[in-house]
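Below is the file target.txt, which contains compact mmCIF, C-alpha atoms.
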# COMPACT_ATOMS: atom_id res chain seq x y z
CA MET A 1 110.37 198.07 -98.97
CA LEU A 2 110.20 194.51 -97.75
CA LYS A 3 112.65 192.34 -99.68
CA ILE A 4 111.97 188.91 -101.07
CA ARG A 5 114.23 186.32 -99.46
CA VAL A 6 116.49 183.70 -101.00
CA ILE A 7 116.81 180.88 -98.50
CA PRO A 8 119.23 177.95 -98.69
CA THR A 9 117.71 174.82 -97.17
CA LEU A 10 119.94 172.42 -95.27
CA LEU A 11 118.64 168.88 -94.96
CA HIS A 12 120.13 166.87 -92.16
CA LYS A 13 120.10 163.12 -91.66
CA SER A 14 121.80 161.42 -88.72
CA PHE A 15 125.40 162.54 -89.20
CA GLY A 16 125.49 165.06 -91.99
CA LEU A 17 123.74 167.06 -94.64
CA VAL A 18 122.04 165.29 -97.51
CA LYS A 19 120.11 166.15 -100.62
CA GLY A 20 117.75 163.85 -102.47
CA VAL A 21 115.21 163.58 -105.20
CA HIS A 22 111.45 163.40 -104.52
CA PHE A 23 112.23 163.36 -100.76
CA ASP A 24 114.22 160.15 -101.33
CA SER A 25 117.62 158.74 -102.48
CA ARG A 26 119.49 161.25 -100.44
CA ARG A 27 123.20 161.69 -100.80
CA ALA A 28 125.65 163.27 -98.41
CA VAL A 29 126.65 166.86 -99.06
CA GLY A 30 128.75 167.80 -96.05
CA SER A 31 128.71 168.86 -92.43
CA PRO A 32 126.05 171.21 -91.11
CA MET A 33 128.51 173.39 -89.20
CA GLN A 34 130.63 173.95 -92.28
CA ALA A 35 127.54 174.91 -94.29
CA VAL A 36 126.27 177.32 -91.64
CA LYS A 37 129.65 179.04 -91.46
CA VAL A 38 129.85 179.42 -95.23
CA TYR A 39 126.33 180.83 -95.50
CA ASN A 40 127.04 183.14 -92.58
CA LEU A 41 130.04 184.55 -94.41
CA ARG A 42 127.96 184.93 -97.54
CA ASN A 43 125.33 187.01 -95.72
CA VAL A 44 122.38 184.91 -96.83
CA ASP A 45 118.91 186.22 -95.95
CA GLU A 46 117.88 183.27 -93.82
CA LEU A 47 118.57 179.56 -93.37
CA VAL A 48 116.16 176.65 -93.11
CA PHE A 49 117.53 173.56 -91.38
CA LEU A 50 115.41 170.41 -91.53
CA ASP A 51 116.18 167.09 -89.88
CA VAL A 52 114.51 165.01 -92.57
CA THR A 53 114.46 161.64 -90.82
CA ALA A 54 113.63 162.71 -87.26
CA THR A 55 109.88 162.12 -87.46
CA ALA A 56 110.20 158.82 -89.34
CA GLU A 57 112.74 157.57 -86.80
CA GLY A 58 110.71 158.83 -83.88
CA ARG A 59 113.47 161.21 -82.78
CA ARG A 60 113.04 164.60 -81.23
CA PRO A 61 115.06 167.53 -82.57
CA ASP A 62 118.80 167.37 -81.84
CA LEU A 63 119.03 170.33 -79.47
CA GLU A 64 122.76 170.06 -78.94
CA LEU A 65 123.44 170.32 -82.65
CA ILE A 66 121.03 173.24 -83.11
CA ASP A 67 122.63 175.01 -80.16
CA GLU A 68 126.05 174.72 -81.79
CA LEU A 69 124.78 175.83 -85.20
CA ALA A 70 122.81 178.77 -83.81
CA ASP A 71 125.92 180.06 -82.05
CA GLU A 72 127.55 180.54 -85.47
CA CYS A 73 124.47 181.90 -87.14
CA PHE A 74 124.11 185.70 -87.07
CA MET A 75 121.25 185.41 -89.50
CA PRO A 76 117.71 184.11 -89.08
CA LEU A 77 117.49 180.36 -88.59
CA ALA A 78 114.37 178.24 -89.01
CA VAL A 79 114.60 174.70 -87.67
CA GLY A 80 112.35 171.73 -88.26
CA GLY A 81 112.11 167.96 -88.23
CA GLY A 82 110.69 165.93 -85.37
CA VAL A 83 108.86 168.87 -83.81
CA GLY A 84 105.87 167.26 -82.12
CA SER A 85 104.96 169.38 -79.11
CA VAL A 86 104.94 172.84 -77.57
CA ASP A 87 107.88 171.70 -75.45
CA ASP A 88 109.88 170.96 -78.62
CA VAL A 89 109.10 174.45 -79.90
CA ARG A 90 110.12 176.01 -76.60
CA ALA A 91 113.36 174.00 -76.50
CA LEU A 92 114.36 174.93 -80.06
CA LEU A 93 113.69 178.62 -79.52
CA GLY A 94 115.64 178.33 -76.29
CA VAL A 95 118.82 177.09 -78.02
CA GLY A 96 118.70 179.84 -80.64
CA ALA A 97 116.26 178.91 -83.40
CA ASP A 98 114.38 182.00 -84.54
CA LYS A 99 111.55 180.04 -86.06
CA VAL A 100 110.36 176.50 -85.69
CA VAL A 101 109.07 174.50 -88.63
CA ILE A 102 106.20 172.17 -87.78
CA GLY A 103 105.47 169.49 -90.36
CA THR A 104 103.76 166.18 -89.67
CA ALA A 105 102.53 167.31 -86.24
CA ALA A 106 100.73 170.25 -87.82
CA LEU A 107 98.27 167.84 -89.39
CA ARG A 108 98.30 165.12 -86.76
CA THR A 109 97.90 167.40 -83.73
CA PRO A 110 96.95 170.88 -84.97
CA ASP A 111 96.67 172.16 -81.39
CA VAL A 112 100.48 172.27 -81.36
CA ILE A 113 100.22 175.20 -83.78
CA ARG A 114 97.60 177.05 -81.77
CA GLU A 115 99.34 176.56 -78.43
CA SER A 116 102.78 177.44 -79.79
CA ALA A 117 101.50 180.55 -81.55
CA ASP A 118 99.63 181.69 -78.44
CA ARG A 119 102.67 181.21 -76.29
CA PHE A 120 105.53 182.35 -78.53
CA GLY A 121 103.75 184.40 -81.18
CA SER A 122 102.74 183.50 -84.72
CA GLN A 123 105.89 185.04 -86.13
CA CYS A 124 108.06 182.10 -85.04
CA ILE A 125 105.75 179.30 -86.17
CA VAL A 126 106.33 178.05 -89.72
CA VAL A 127 104.17 175.21 -90.98
CA SER A 128 105.64 172.97 -93.64
CA ILE A 129 103.14 171.70 -96.20
CA ASP A 130 104.52 168.96 -98.43
CA THR A 131 102.59 168.25 -101.61
CA ARG A 132 102.49 165.50 -104.22
CA GLY A 133 100.20 166.49 -107.06
CA ASP A 134 97.26 168.23 -105.41
CA GLU A 135 97.58 166.26 -102.22
CA VAL A 136 99.30 167.06 -98.94
CA CYS A 137 101.55 164.32 -97.55
CA THR A 138 103.16 163.90 -94.14
CA LYS A 139 106.07 161.95 -92.70
CA SER A 140 108.55 163.04 -95.36
CA GLY A 141 106.05 162.37 -98.12
CA ARG A 142 105.21 158.79 -97.18
CA VAL A 143 101.72 159.33 -95.82
CA PRO A 144 99.11 160.87 -98.15
CA THR A 145 96.39 162.80 -96.30
CA GLY A 146 93.79 163.27 -99.02
CA ARG A 147 93.75 167.00 -98.29
CA ASP A 148 94.24 169.89 -100.67
CA PRO A 149 97.14 172.25 -99.90
CA VAL A 150 94.84 175.30 -99.97
CA ASP A 151 92.57 173.79 -97.30
CA VAL A 152 95.53 172.90 -95.14
CA ALA A 153 97.14 176.33 -95.61
CA GLN A 154 93.97 178.16 -94.61
CA ALA A 155 93.48 175.86 -91.64
CA VAL A 156 96.99 176.40 -90.29
CA GLU A 157 96.75 180.16 -90.83
CA GLU A 158 93.55 180.15 -88.80
CA LEU A 159 95.36 178.19 -86.05
CA GLY A 160 98.05 180.86 -85.86
CA ALA A 161 100.86 179.81 -88.20
CA GLY A 162 102.98 182.80 -89.17
CA GLU A 163 104.44 181.45 -92.38
CA ILE A 164 104.10 178.50 -94.75
CA LEU A 165 106.96 176.49 -96.18
CA LEU A 166 105.34 174.96 -99.26
CA GLN A 167 107.39 172.05 -100.54
CA SER A 168 106.71 170.09 -103.70
CA ILE A 169 107.77 166.46 -103.43
CA ASP A 170 107.30 165.99 -107.19
CA GLU A 171 109.73 168.77 -108.00
CA ASP A 172 112.15 168.09 -105.13
CA GLY A 173 115.73 167.64 -106.34
CA VAL A 174 114.76 167.64 -110.01
CA MET A 175 115.86 171.25 -110.56
CA LYS A 176 113.26 171.82 -113.31
CA GLY A 177 111.34 174.61 -111.65
CA TYR A 178 108.95 175.16 -108.75
CA ASP A 179 105.35 173.95 -108.66
CA VAL A 180 104.18 177.44 -109.60
CA ASP A 181 100.47 176.54 -109.80
CA THR A 182 100.30 175.22 -106.24
CA VAL A 183 102.35 178.13 -104.90
CA ALA A 184 100.00 180.55 -106.67
CA ARG A 185 96.89 178.83 -105.33
CA VAL A 186 98.18 178.77 -101.76
CA SER A 187 99.65 182.27 -101.66
CA ALA A 188 96.42 183.73 -103.04
CA ALA A 189 94.39 181.92 -100.38
CA VAL A 190 96.30 183.08 -97.28
CA SER A 191 97.61 186.39 -95.98
CA ILE A 192 100.73 185.00 -94.29
CA PRO A 193 104.03 184.74 -96.20
CA VAL A 194 104.62 181.64 -98.34
CA ILE A 195 108.12 180.24 -98.93
CA ALA A 196 108.27 178.28 -102.19
CA SER A 197 110.44 175.18 -102.00
CA GLY A 198 111.27 172.27 -104.29
CA GLY A 199 112.44 172.42 -107.88
CA ALA A 200 114.79 175.39 -108.12
CA GLY A 201 117.46 174.77 -110.75
CA SER A 202 118.07 178.26 -112.06
CA PHE A 203 117.58 181.89 -111.15
CA ALA A 204 114.84 182.10 -113.78
CA HIS A 205 112.87 179.47 -111.82
CA MET A 206 113.04 181.74 -108.79
CA ALA A 207 111.85 184.75 -110.76
CA GLU A 208 108.99 182.67 -112.16
CA VAL A 209 107.63 181.53 -108.80
CA LEU A 210 107.96 185.01 -107.34
CA ARG A 211 106.19 186.64 -110.28
CA ASP A 212 103.56 184.04 -111.15
CA GLY A 213 103.30 182.26 -107.80
CA GLY A 214 103.26 185.28 -105.50
CA ALA A 215 105.79 183.71 -103.11
CA SER A 216 107.39 185.91 -100.43
CA ALA A 217 110.57 183.87 -100.43
CA VAL A 218 112.28 181.17 -102.45
CA ALA A 219 114.10 178.23 -100.89
CA ALA A 220 116.60 176.03 -102.69
CA ALA A 221 118.89 173.17 -101.76
CA SER A 222 120.15 171.14 -104.75
CA MET A 223 120.82 174.26 -106.77
CA PHE A 224 123.18 175.59 -104.13
CA HIS A 225 124.71 172.20 -103.27
CA PHE A 226 125.26 170.78 -106.73
CA THR A 227 125.77 173.77 -109.00
CA GLU A 228 128.04 176.80 -108.97
CA GLN A 229 125.12 179.16 -108.41
CA THR A 230 125.13 181.08 -105.12
CA PRO A 231 122.38 182.87 -103.16
CA MET A 232 124.07 186.25 -103.79
CA GLU A 233 124.15 185.66 -107.54
CA ALA A 234 120.48 184.70 -107.36
CA LYS A 235 119.71 188.03 -105.72
CA HIS A 236 121.70 190.00 -108.28
CA TYR A 237 119.74 188.25 -111.02
CA LEU A 238 116.44 188.96 -109.27
CA ALA A 239 117.41 192.61 -108.72
CA GLU A 240 118.08 192.97 -112.43
CA HIS A 241 114.63 191.57 -113.08
CA GLY A 242 112.90 194.10 -110.87
CA PHE A 243 112.49 192.21 -107.62
CA PRO A 244 113.30 193.92 -104.31
CA VAL A 245 116.25 192.07 -102.76
CA ARG A 246 118.93 192.76 -100.18
CA VAL A 247 122.32 192.77 -101.92
CA MET B 248 137.97 199.44 -68.27
CA GLY B 249 137.14 195.79 -68.93
CA ALA B 250 134.39 194.39 -71.09
CA GLN B 251 130.98 195.82 -70.32
CA ARG B 252 128.58 193.71 -68.37
CA VAL B 253 125.30 193.45 -70.24
CA ALA B 254 122.35 192.00 -68.37
CA ILE B 255 120.00 190.14 -70.69
CA ILE B 256 116.64 189.80 -69.02
CA ASP B 257 115.22 186.28 -69.03
CA TYR B 258 111.50 186.35 -68.39
CA GLY B 259 110.71 183.11 -70.18
CA MET B 260 110.21 184.59 -73.65
CA CYS B 261 113.08 182.90 -75.47
CA ASN B 262 115.59 183.89 -78.18
CA LEU B 263 118.04 184.84 -75.44
CA ASP B 264 120.87 182.75 -76.72
CA SER B 265 121.16 184.59 -80.03
CA VAL B 266 121.25 187.92 -78.23
CA ARG B 267 123.82 186.70 -75.71
CA ARG B 268 126.00 185.30 -78.48
CA ALA B 269 125.86 188.53 -80.48
CA PHE B 270 126.95 190.63 -77.50
CA GLU B 271 129.84 188.23 -76.92
CA GLU B 272 130.78 188.70 -80.55
CA VAL B 273 131.06 192.48 -80.12
CA GLY B 274 133.25 192.15 -77.04
CA ALA B 275 130.80 192.57 -74.17
CA ARG B 276 130.34 190.29 -71.18
CA PRO B 277 126.68 189.38 -71.37
CA TYR B 278 124.89 187.45 -68.65
CA VAL B 279 121.37 186.12 -68.67
CA THR B 280 119.31 186.64 -65.54
CA ASP B 281 115.76 186.63 -64.23
CA ASP B 282 116.77 187.96 -60.80
CA PRO B 283 116.03 191.66 -60.17
CA GLY B 284 118.96 191.67 -57.70
CA ASP B 285 121.39 190.86 -60.54
CA LEU B 286 120.66 194.09 -62.38
CA ASP B 287 122.77 196.21 -60.01
CA ALA B 288 125.91 194.69 -61.50
CA ALA B 289 125.01 195.58 -65.08
CA ASP B 290 126.58 198.39 -67.09
CA ARG B 291 123.77 198.03 -69.61
CA ILE B 292 120.47 196.20 -69.80
CA VAL B 293 118.86 194.39 -72.72
CA LEU B 294 115.24 193.24 -72.83
CA PRO B 295 114.83 190.77 -75.69
CA GLY B 296 111.80 188.65 -76.38
CA VAL B 297 109.38 187.15 -78.80
CA GLY B 298 105.79 186.33 -78.08
CA ALA B 299 102.70 187.90 -76.66
CA PHE B 300 102.61 191.28 -74.90
CA PRO B 301 100.20 190.36 -72.06
CA ASP B 302 102.12 187.18 -71.15
CA ALA B 303 105.39 189.08 -71.18
CA MET B 304 104.17 191.85 -68.88
CA GLN B 305 102.68 189.30 -66.51
CA LEU B 306 105.98 187.41 -66.36
CA LEU B 307 107.98 190.61 -65.79
CA ARG B 308 105.65 191.67 -62.97
CA ALA B 309 105.60 188.21 -61.39
CA ARG B 310 109.38 188.40 -60.99
CA GLY B 311 109.42 192.06 -59.92
CA LEU B 312 111.46 192.84 -63.01
CA ASP B 313 109.27 195.76 -64.13
CA GLU B 314 110.14 197.77 -61.02
CA ALA B 315 113.77 196.66 -61.01
CA LEU B 316 114.12 197.77 -64.65
CA ALA B 317 112.55 201.16 -63.98
CA LYS B 318 114.88 201.67 -61.03
CA GLN B 319 118.06 200.69 -62.87
CA VAL B 320 117.25 202.54 -66.06
CA TRP B 321 115.64 205.72 -64.75
CA ASP B 322 117.08 206.11 -61.21
CA GLU B 323 120.53 204.62 -61.77
CA GLY B 324 120.88 205.65 -65.43
CA ALA B 325 121.73 202.28 -66.98
CA PRO B 326 121.47 202.41 -70.79
CA PHE B 327 118.71 200.12 -72.04
CA LEU B 328 117.95 198.33 -75.30
CA GLY B 329 114.62 196.64 -75.97
CA VAL B 330 114.59 194.22 -78.90
CA CYS B 331 111.40 193.25 -80.76
CA LEU B 332 108.88 192.46 -78.02
CA GLY B 333 111.31 194.20 -75.65
CA MET B 334 110.79 197.44 -77.59
CA GLN B 335 107.03 196.94 -77.64
CA LEU B 336 106.97 196.55 -73.86
CA MET B 337 108.42 200.08 -73.51
CA ALA B 338 105.03 201.36 -74.71
CA ALA B 339 102.29 202.55 -72.40
CA VAL B 340 99.69 200.08 -73.61
CA GLY B 341 99.63 196.82 -75.53
CA GLN B 342 96.62 196.13 -77.72
CA GLU B 343 97.32 192.41 -78.15
CA GLY B 344 94.23 190.64 -76.79
CA GLU B 345 92.92 192.63 -73.81
CA PRO B 346 94.58 196.06 -73.49
CA THR B 347 97.53 195.63 -71.11
CA ASP B 348 99.67 198.24 -69.41
CA GLY B 349 103.27 198.14 -70.61
CA LEU B 350 106.35 199.59 -68.91
CA GLY B 351 105.05 203.01 -69.96
CA TRP B 352 108.39 204.54 -70.86
CA ILE B 353 107.20 205.99 -74.14
CA ASP B 354 103.83 207.45 -75.04
CA ALA B 355 102.81 204.77 -77.49
CA ARG B 356 100.56 201.83 -78.05
CA CYS B 357 101.49 198.44 -79.40
CA GLU B 358 99.07 197.56 -82.20
CA ARG B 359 98.57 194.86 -84.78
CA PHE B 360 99.48 195.74 -88.38
CA VAL B 361 96.53 196.65 -90.56
CA PRO B 362 97.29 195.11 -93.98
CA THR B 363 97.21 197.34 -97.05
CA GLU B 364 96.75 196.52 -100.71
CA ALA B 365 100.51 196.70 -101.27
CA ASP B 366 101.49 195.00 -98.01
CA ARG B 367 98.82 192.43 -97.42
CA ARG B 368 100.84 189.81 -95.53
CA VAL B 369 101.13 189.81 -91.75
CA PRO B 370 103.43 188.92 -89.98
CA HIS B 371 105.98 191.29 -91.48
CA VAL B 372 108.80 188.82 -92.11
CA GLY B 373 112.14 189.50 -93.72
CA TRP B 374 114.61 192.25 -94.48
CA ASN B 375 113.36 195.80 -94.72
CA ASP B 376 115.00 199.20 -94.69
CA VAL B 377 115.42 201.27 -91.56
CA THR B 378 115.79 205.03 -91.88
CA PRO B 379 116.73 207.10 -88.82
CA GLN B 380 114.59 210.21 -88.40
CA VAL B 381 116.98 211.92 -85.99
CA ASP B 382 120.68 211.74 -85.27
CA SER B 383 121.39 209.03 -82.76
CA PRO B 384 124.54 207.29 -81.60
CA LEU B 385 122.69 203.98 -82.08
CA PHE B 386 122.90 204.33 -85.87
CA ALA B 387 126.45 205.71 -86.09
CA GLY B 388 128.18 204.34 -89.19
CA ILE B 389 125.01 202.66 -90.45
CA PRO B 390 123.78 204.10 -93.76
CA PRO B 391 120.15 205.31 -93.82
CA GLY B 392 117.98 202.68 -95.47
CA THR B 393 120.10 199.72 -94.36
CA ASP B 394 118.15 196.46 -94.29
CA PHE B 395 117.52 194.79 -90.95
CA TYR B 396 115.70 191.55 -90.23
CA PHE B 397 112.11 191.78 -88.95
CA VAL B 398 109.66 189.15 -87.82
CA HIS B 399 106.58 190.52 -86.03
CA SER B 400 102.82 191.07 -86.28
CA PHE B 401 102.55 194.03 -83.87
CA HIS B 402 104.27 197.39 -83.97
CA VAL B 403 104.72 200.43 -81.74
CA ALA B 404 102.50 203.39 -82.66
CA CYS B 405 103.90 206.52 -80.99
CA ALA B 406 101.48 209.22 -79.84
CA ASP B 407 103.82 211.89 -81.22
CA GLY B 408 107.22 212.15 -82.87
CA ALA B 409 109.12 212.69 -79.63
CA SER B 410 110.36 209.11 -79.26
CA VAL B 411 110.55 208.10 -82.93
CA LEU B 412 114.12 207.20 -83.80
CA ALA B 413 113.68 205.33 -87.09
CA THR B 414 110.95 204.24 -89.46
CA THR B 415 110.39 201.42 -91.93
CA PRO B 416 107.99 201.22 -94.88
CA TYR B 417 105.41 198.49 -94.33
CA CYS B 418 101.61 198.74 -94.11
CA GLY B 419 101.85 202.50 -94.55
CA GLY B 420 105.07 202.86 -92.55
CA PHE B 421 105.80 202.24 -88.89
CA THR B 422 108.23 203.14 -86.12
CA SER B 423 111.06 200.62 -86.19
CA ALA B 424 113.23 202.20 -83.47
CA VAL B 425 112.50 204.44 -80.50
CA GLN B 426 114.63 206.42 -78.11
CA ARG B 427 113.92 208.20 -74.87
CA GLY B 428 117.16 209.47 -73.40
CA HIS B 429 119.42 206.49 -72.82
CA ALA B 430 116.62 203.96 -73.40
CA PHE B 431 116.47 202.55 -76.93
CA GLY B 432 114.14 200.09 -78.60
CA VAL B 433 114.41 198.35 -81.96
CA GLN B 434 111.64 196.34 -83.60
CA PHE B 435 114.08 194.42 -85.77
CA HIS B 436 116.61 191.82 -84.65
CA PRO B 437 120.15 193.28 -84.62
CA GLU B 438 121.45 189.90 -83.42
CA LYS B 439 120.20 188.39 -86.69
CA SER B 440 121.05 191.25 -89.01
CA GLN B 441 124.65 190.33 -89.69
CA ARG B 442 127.24 193.09 -90.11
CA PHE B 443 125.12 196.18 -89.46
CA GLY B 444 123.21 194.39 -86.72
CA LEU B 445 126.44 193.79 -84.84
CA ARG B 446 127.45 197.39 -85.55
CA LEU B 447 124.25 198.59 -83.90
CA LEU B 448 125.02 196.50 -80.80
CA GLU B 449 128.52 197.98 -80.71
CA ASN B 450 126.96 201.42 -80.94
CA PHE B 451 124.70 200.58 -78.02
CA LEU B 452 127.73 199.59 -75.96
CA ALA B 453 129.27 202.98 -76.72
CA ALA B 454 126.10 205.08 -76.36

Please express what this file holds, its structure, as structure tokens.
Amino acid sequence: MLKIRVIPTLLHKSFGLVKGVHFDSRRAVGSPMQAVKVYNLRNVDELVFLDVTATAEGRRPDLELIDELADECFMPLAVGGGVGSVDDVRALLGVGADKVVIGTAALRTPDVIRESADRFGSQCIVVSIDTRGDEVCTKSGRVPTGRDPVDVAQAVEELGAGEILLQSIDEDGVMKGYDVDTVARVSAAVSIPVIASGGAGSFAHMAEVLRDGGASAVAAASMFHFTEQTPMEAKHYLAEHGFPVRV
Amino acid sequence: MGAQRVAIIDYGMCNLDSVRRAFEEVGARPYVTDDPGDLDAADRIVLPGVGAFPDAMQLLRARGLDEALAKQVWDEGAPFLGVCLGMQLMAAVGQEGEPTDGLGWIDARCERFVPTEADRRVPHVGWNDVTPQVDSPLFAGIPPGTDFYFVHSFHVACADGASVLATTPYCGGFTSAVQRGHAFGVQFHPEKSQRFGLRLLENFLAA
């Protein structure tokens, strides 16, 4: 049967990987190439790589860097940050990204989703929905939109998104558990897979959002950067608790 | 004998670099081309791809690649591997949007998944088990039920069992690999399926 996925998230800023709290106060956690190589050796299910300051700084995705990372990545790689056009999607897929994560542009210019999905297929278009409370925010959490995550999720599914990366800004970096309620509301409202992100601090948090939130996959960053817990251990824990995983 | 030359067909449908890189990793000499004339030099041919069936067929035809592929694979006997959309294109008909003729190498149609109560999410994204239904060199040394990485909304529905090489349980079960002679197709992504994915590519080089 289809396995649930445990996905390390790599957040990139200018020269290296970072991890923050509430989408802010980010500290350096190493080089992206080193991280990709380690996760490749560890046979993780998938990687999400987000350039967290690209949109705010008006940069396009760093294609050279993604090209280098993808060459070392014999596992699925989703890439986001600064994706604003169909050309950006095409370019990222061209250098080896398997999926492209569209964030701010998904709300600002929704046609990017429709055109990209028509051209490259829904399966490679992931839309990132960042929430604070019950509200969706864009531009790394700085711009509130006044929209409910369920409305946005249904709208992007209708436009052709193939997956949703649902990130809680409130829970980000705090390691006290996912925003299970929002994950549950969104995953019940759409029929595309939902990746829960933001708040993982323990394997039990992952089990909780899978069981009570209905997520298809769990992403985590701080937990893997700042604690001894690894994705493989997470999957062993989840297997023991009855979840289908690839071990 | 030196490294095998593997032609990876570029018809504008992306994810070529991962496939090229994976064949390098298993010791082949891959080259990416959109020129039908370049296929003569290939020991083996790979048709990768993500995206929409009708667009893909149109692009293949526009470059004369459909005829060049048929010639190399069926007249000259070059082993062939279709990956994801590349496998779907081996079918007779694609049902994505308007029905579109495919390469027609296997008696099958490419259809959208119909969600079930248990498997209600489409696309089918993630790792799922692949179980060969017949003995094939493509799966040599790969245990039945090994997980491979999938990401797709459409699947190949074979008219009969003749071409079914492997199946995977999702939305009632579907054909995840096909074989007709020396032409293989896999719905999953061996280039993204780590150890056993690379093993499958090695097997293809030896098949």

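Going from CA of Glu57 in chain A to CA of Val152 in chain A covers 24.5 Å.
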
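Counting only C-alpha atoms and comparing A:Pro193, A:Ala184, A:Asp67, A:Gly133, the residue that lies closest to Glu171 in chain A is A:Gly133.
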
Interface rows for chain B against chain A: nearest pair, Å to one decimal, 10 Å, all atoms listed in the file, as a tab-separated table:
residue	atom	partner	partner_atom	distance
B:Gly259	CA	A:Gly94	CA	9.2
B:Met260	CA	A:Phe120	CA	7.1
B:Cys261	CA	A:Gly94	CA	5.3
B:Asn262	CA	A:Gly96	CA	5.7
B:Leu263	CA	A:Gly94	CA	7.0
B:Asp264	CA	A:Gly96	CA	5.3
B:Ser265	CA	A:Gly96	CA	5.4
B:Val266	CA	A:Gly96	CA	8.8
B:Arg267	CA	A:Asp71	CA	9.4
B:Arg268	CA	A:Asp71	CA	6.3
B:Ala269	CA	A:Phe74	CA	7.4
B:Glu272	CA	A:Phe74	CA	9.8
B:Gly296	CA	A:Phe120	CA	9.1
B:Val297	CA	A:Phe120	CA	6.2
B:Gly298	CA	A:Phe120	CA	4.0
B:Ala299	CA	A:Gly121	CA	5.8
B:Phe300	CA	A:Gly121	CA	9.4
B:Asp302	CA	A:Arg119	CA	7.9
B:Ala303	CA	A:Arg119	CA	9.8
B:Pro362	CA	A:Ser191	CA	9.0
B:Asp366	CA	A:Leu2	CA	8.7
B:Arg367	CA	A:Ser191	CA	6.3
B:Arg368	CA	A:Ser191	CA	4.7
B:Val369	CA	A:Ile192	CA	5.5
B:Pro370	CA	A:Gln123	CA	6.0
B:His371	CA	A:Leu2	CA	8.2
B:Val372	CA	A:Pro193	CA	7.5
B:Gly373	CA	A:Lys3	CA	6.6
B:Trp374	CA	A:Lys3	CA	5.6
B:Asn375	CA	A:Leu2	CA	4.6
B:Asp376	CA	A:Met1	CA	6.4
B:Val377	CA	A:Met1	CA	9.5
B:Gly392	CA	A:Met1	CA	9.6
B:Thr393	CA	A:Arg246	CA	9.1
B:Asp394	CA	A:Arg246	CA	7.0
B:Phe395	CA	A:Arg246	CA	9.6
B:Tyr396	CA	A:Pro76	CA	7.8
B:Phe397	CA	A:Leu2	CA	9.4
B:Val398	CA	A:Gln123	CA	5.8
B:His399	CA	A:Gln123	CA	5.5
B:Ser400	CA	A:Gln123	CA	6.8
B:Phe401	CA	A:Gln123	CA	9.9
B:Thr415	CA	A:Met1	CA	7.8
B:Pro416	CA	A:Met1	CA	5.7
B:Tyr417	CA	A:Met1	CA	6.8
B:Gly420	CA	A:Met1	CA	9.6
B:His436	CA	A:Pro76	CA	9.0
B:Pro437	CA	A:Phe74	CA	8.9
B:Glu438	CA	A:Phe74	CA	6.2
B:Lys439	CA	A:Met75	CA	4.2
B:Ser440	CA	A:Met75	CA	5.9
B:Gln441	CA	A:Phe74	CA	5.3
B:Arg442	CA	A:Asn43	CA	8.5
B:Gly444	CA	A:Phe74	CA	8.7
B:Leu445	CA	A:Phe74	CA	8.7

Produce a file of the selected residues containing C-alpha atoms, as a compact mmCIF listing (two decimals), in the frame of the given file.
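Contents of out.txt, freshly written:
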# COMPACT_ATOMS: atom_id res chain seq x y z
CA GLY B 259 110.71 183.11 -70.18
CA MET B 260 110.21 184.59 -73.65
CA CYS B 261 113.08 182.90 -75.47
CA ASN B 262 115.59 183.89 -78.18
CA LEU B 263 118.04 184.84 -75.44
CA ASP B 264 120.87 182.75 -76.72
CA SER B 265 121.16 184.59 -80.03
CA VAL B 266 121.25 187.92 -78.23
CA ARG B 267 123.82 186.70 -75.71
CA ARG B 268 126.00 185.30 -78.48
CA ALA B 269 125.86 188.53 -80.48
CA GLU B 272 130.78 188.70 -80.55
CA GLY B 296 111.80 188.65 -76.38
CA VAL B 297 109.38 187.15 -78.80
CA GLY B 298 105.79 186.33 -78.08
CA ALA B 299 102.70 187.90 -76.66
CA PHE B 300 102.61 191.28 -74.90
CA ASP B 302 102.12 187.18 -71.15
CA ALA B 303 105.39 189.08 -71.18
CA PRO B 362 97.29 195.11 -93.98
CA ASP B 366 101.49 195.00 -98.01
CA ARG B 367 98.82 192.43 -97.42
CA ARG B 368 100.84 189.81 -95.53
CA VAL B 369 101.13 189.81 -91.75
CA PRO B 370 103.43 188.92 -89.98
CA HIS B 371 105.98 191.29 -91.48
CA VAL B 372 108.80 188.82 -92.11
CA GLY B 373 112.14 189.50 -93.72
CA TRP B 374 114.61 192.25 -94.48
CA ASN B 375 113.36 195.80 -94.72
CA ASP B 376 115.00 199.20 -94.69
CA VAL B 377 115.42 201.27 -91.56
CA GLY B 392 117.98 202.68 -95.47
CA THR B 393 120.10 199.72 -94.36
CA ASP B 394 118.15 196.46 -94.29
CA PHE B 395 117.52 194.79 -90.95
CA TYR B 396 115.70 191.55 -90.23
CA PHE B 397 112.11 191.78 -88.95
CA VAL B 398 109.66 189.15 -87.82
CA HIS B 399 106.58 190.52 -86.03
CA SER B 400 102.82 191.07 -86.28
CA PHE B 401 102.55 194.03 -83.87
CA THR B 415 110.39 201.42 -91.93
CA PRO B 416 107.99 201.22 -94.88
CA TYR B 417 105.41 198.49 -94.33
CA GLY B 420 105.07 202.86 -92.55
CA HIS B 436 116.61 191.82 -84.65
CA PRO B 437 120.15 193.28 -84.62
CA GLU B 438 121.45 189.90 -83.42
CA LYS B 439 120.20 188.39 -86.69
CA SER B 440 121.05 191.25 -89.01
CA GLN B 441 124.65 190.33 -89.69
CA ARG B 442 127.24 193.09 -90.11
CA GLY B 444 123.21 194.39 -86.72
CA LEU B 445 126.44 193.79 -84.84

For Ile353 in chain B: contacts at 10 Å, all atoms listed in the file, fewer than 3 positions along chain excluded, given as a ChimeraX atom specification: /B:334-340,349-350,356,403,405-407,409-411,425-427,430
